[in-house]
Amino acid sequence: MALVIRVRFKRASKFYDFDPNGLNLHHGMCVVTETARGVELGECMSGIMEVPQEQLAQPLKPILRIATPQDLAVQKRNEQYEKEAFDIAVERIADHKLEMKLVDVEYAFDHSKITFYFTANGRVDFRMLVKNLASIFKTRIELRQIGVRDEAKMLGGIGPCGRPICCRSFLSDFTPVSIKMAKEQNLSLNPTKISGLCDRLMCCLKYEQDHYEAVRKRMPRVGREIVTPDGVGTINAINVLEETVRVRIAVGDSFELREYPIDDCTRVNQEGNGSPASGAQDAQAPAASQAEAGQEEIPAQTEQPARSEKAARPPRPRNGEHSEKRERRDRGERPDKPDRQERPRRGDRPPKRERPPKENAPQEARQTLAAPKPAELAAAPAPEAKAVKPVQPAQPSESEKQAKPAQMEEDLQLLEQSTPEDLL
């Protein structure tokens, strides 16, 4: 067990556990404590009490001292500084043209930090604003965006009931509230009647929700039949707060609406009441009248046996108890199947005829391979023009000139000596 004392730092804020540090503390005393944000002044909301060690999430921080008159004077001075800082921050926000609404300003007890709380529809780039405020106050600046519920809690106000709003008075945490709660409590779904100053569903819808859920479990639904002291009727409406039901009962040839406490009524499907028996007798009377008129009676439905009375399923045979399979195995081995005859192999296919290559194919292939692409032609530089010398035909030598007449004479002699057959 650990000794703790609960402290809060603002009105209607959360309670935090601290180590009393051997001080004689009681409810309502102002103390100076050490927190994660620095040294702060808070108020004791309980006396010293013992708490199991398992319920403490983290090591407790100690209370430094009981607040002195000087500490209370510093706190009042900080409240005055907060008002001045609020006016300066509003002017700087207007100068920077930022779409944000300043809600509150909080000075740290030791002037180590100033926190500005604001609301906005989206994200706001306030880096230049922080630099401007830091140059004015010469301390650490923190801007924190909050929601509309936190804004109403900081500012306060009068609710629709005529009393100060709950979040400002005593609520320390916000609980989730849904429109289903308003429906179960039979409230008007008009947003102006079930919304608070923050334009959200009122927190007080959660206060009676547990009672409504517990009572609705005991009460039947609208439209069900119920047994009242005056007979069987149909539920027309229910009143959860008074725990009464409005029942539509047949009186002669007409119907009436009457209210009964839920404890004086019983459900039709409950055992031990006379309504099911009377209903069965009323059902047998038409059947008897039909039999007297000569109509065929409807055969009564046979009752189905319970699960325990049904024939039990035979147990599945274990491994090795399958007699049918054993009999099949004992019949003998199956005859071997005849071997399949091999199919005659097909002869080898004749080789394919090779097509003669084209005469111009190698040259065309070389030309296609050597042909440059249009992109390469465009990128390649133009070749330099060179002077082409005319090629002169080679002149025969003197020996060739002398040999030509002698050769011509020999050819003429051969022609004269040859016969026509030799020429053919």
# chains A, B, ... in the order shown; residues from 1 in each chain; ligands from 1
$ residues_around --residues "A:Gln55" --least-positions-apart "2" --cutoff "12 Å" --atoms "only C-alpha atoms" --output "JSON, numbers by chain"
{"A": [1, 2, 4, 17, 50, 51, 52, 53, 57, 58, 59, 60]}
$ residues_around --residues "stretch 175-187 of chain A" --least-positions-apart "6" --cutoff "8 Å" --atoms "only C-alpha atoms" --output "list of chain:residue names"
A:Ile194, A:Leu201, A:Met202, A:Cys203, A:Leu205, A:Lys206, A:Gln209, A:Tyr212
$ atom_distance --atom1 "atom CA of A:Val7" --atom2 "atom CA of A:Ser46"
7.6 Å
$ closest_atom_pairs --of "stretch 149-250 of chain A" --to "stretch 261-269 of chain A" --cutoff "8 Å" --atoms "only C-alpha atoms" --output "Markdown table"
| residue | atom | partner | partner_atom | distance |
| --- | --- | --- | --- | --- |
| A:Met219 | CA | A:Ile262 | CA | 7.0 |
| A:Pro220 | CA | A:Arg267 | CA | 7.7 |
| A:Glu225 | CA | A:Val268 | CA | 6.5 |
| A:Ile226 | CA | A:Arg267 | CA | 4.8 |
| A:Val227 | CA | A:Thr266 | CA | 5.2 |
| A:Thr228 | CA | A:Cys265 | CA | 4.9 |
| A:Pro229 | CA | A:Cys265 | CA | 7.1 |
| A:Glu243 | CA | A:Ile262 | CA | 6.0 |
| A:Thr244 | CA | A:Pro261 | CA | 4.4 |
| A:Val245 | CA | A:Ile262 | CA | 6.3 |
$ write_last_selection --atoms "C-alpha atoms" --output "PDB file, in the first residue's frame"
ATOM      1  CA  MET A 219     -40.282  -4.280 -19.515  1.00  0.00           C
ATOM      2  CA  PRO A 220     -41.783  -5.870 -22.653  1.00  0.00           C
ATOM      3  CA  GLU A 225     -49.326  -9.061 -25.529  1.00  0.00           C
ATOM      4  CA  ILE A 226     -49.378  -8.833 -21.741  1.00  0.00           C
ATOM      5  CA  VAL A 227     -51.630 -10.127 -18.954  1.00  0.00           C
ATOM      6  CA  THR A 228     -53.116  -7.354 -16.802  1.00  0.00           C
ATOM      7  CA  PRO A 229     -55.544  -7.518 -13.864  1.00  0.00           C
ATOM      8  CA  GLU A 243     -42.178   2.027 -14.743  1.00  0.00           C
ATOM      9  CA  THR A 244     -45.731   1.785 -16.115  1.00  0.00           C
ATOM     10  CA  VAL A 245     -47.218   0.471 -19.350  1.00  0.00           C
TER      11      VAL A 245
END
$ atom_distance --atom1 "atom CA of A:Gly38" --atom2 "atom CA of A:Lys131"
22.3 Å
$ residues_around --residues "stretch 96-113 of chain A" --least-positions-apart "3" --cutoff "10 Å" --atoms "only C-alpha atoms" --output "VMD selection string"
chain A and resid 32 37 to 41 71 74 to 75 77 to 87 89 to 93 116 to 126 128 to 129 132 137 to 146 150 to 152 154 to 155
$ select_by_dssp --residues "stretch 50-244 of chain A" --states "strand (DSSP E)" --output "PyMOL selection string"
chain A and resi 50-51+63-66+101-107+113-119+140-145+225-228+231-239+244
$ residues_around --residues "A:His211" --least-positions-apart "4" --cutoff "10 Å" --atoms "only C-alpha atoms" --output "mmCIF file with N, CA and C atoms, in the first residue's frame"
data_model
loop_
_atom_site.group_PDB
_atom_site.id
_atom_site.type_symbol
_atom_site.label_atom_id
_atom_site.label_comp_id
_atom_site.auth_asym_id
_atom_site.auth_seq_id
_atom_site.Cartn_x
_atom_site.Cartn_y
_atom_site.Cartn_z
ATOM 1 N N LYS A 206 -26.005 11.051 -20.645
ATOM 2 C CA LYS A 206 -25.363 9.838 -20.144
ATOM 3 C C LYS A 206 -25.753 9.541 -18.699
ATOM 4 N N TYR A 207 -26.250 10.523 -17.965
ATOM 5 C CA TYR A 207 -26.504 10.332 -16.534
ATOM 6 C C TYR A 207 -27.547 9.239 -16.277
ATOM 7 N N VAL A 215 -34.104 -0.783 -16.705
ATOM 8 C CA VAL A 215 -35.564 -0.897 -16.651
ATOM 9 C C VAL A 215 -36.112 -1.498 -17.939
ATOM 10 N N ARG A 216 -35.527 -1.165 -19.075
ATOM 11 C CA ARG A 216 -36.025 -1.690 -20.348
ATOM 12 C C ARG A 216 -35.844 -3.201 -20.447
ATOM 13 N N VAL A 240 -40.622 4.606 -18.824
ATOM 14 C CA VAL A 240 -39.489 4.030 -18.100
ATOM 15 C C VAL A 240 -39.331 4.673 -16.731
ATOM 16 N N LEU A 241 -39.502 5.989 -16.638
ATOM 17 C CA LEU A 241 -39.282 6.674 -15.363
ATOM 18 C C LEU A 241 -40.301 6.230 -14.317
#
$ residues_around --residues "A:Met29" --least-positions-apart "2" --cutoff "10 Å" --atoms "only C-alpha atoms" --output "count of residues only"
13
$ select_by_dssp --residues "stretch 70-228 of chain A" --states "helix (DSSP H, G or I)" --output "JSON, numbers by chain"
{"A": [70, 71, 72, 73, 74, 75, 76, 77, 78, 79, 80, 81, 82, 83, 84, 85, 86, 87, 88, 89, 90, 91, 92, 93, 94, 95, 96, 127, 128, 129, 130, 131, 132, 133, 134, 135, 136, 137, 148, 149, 150, 151, 152, 153, 154, 155, 166, 167, 168, 169, 179, 180, 181, 182, 183, 184, 191, 192, 193, 194, 203, 204, 205, 206, 209, 210, 211, 212, 213, 214, 215, 216, 217, 218]}
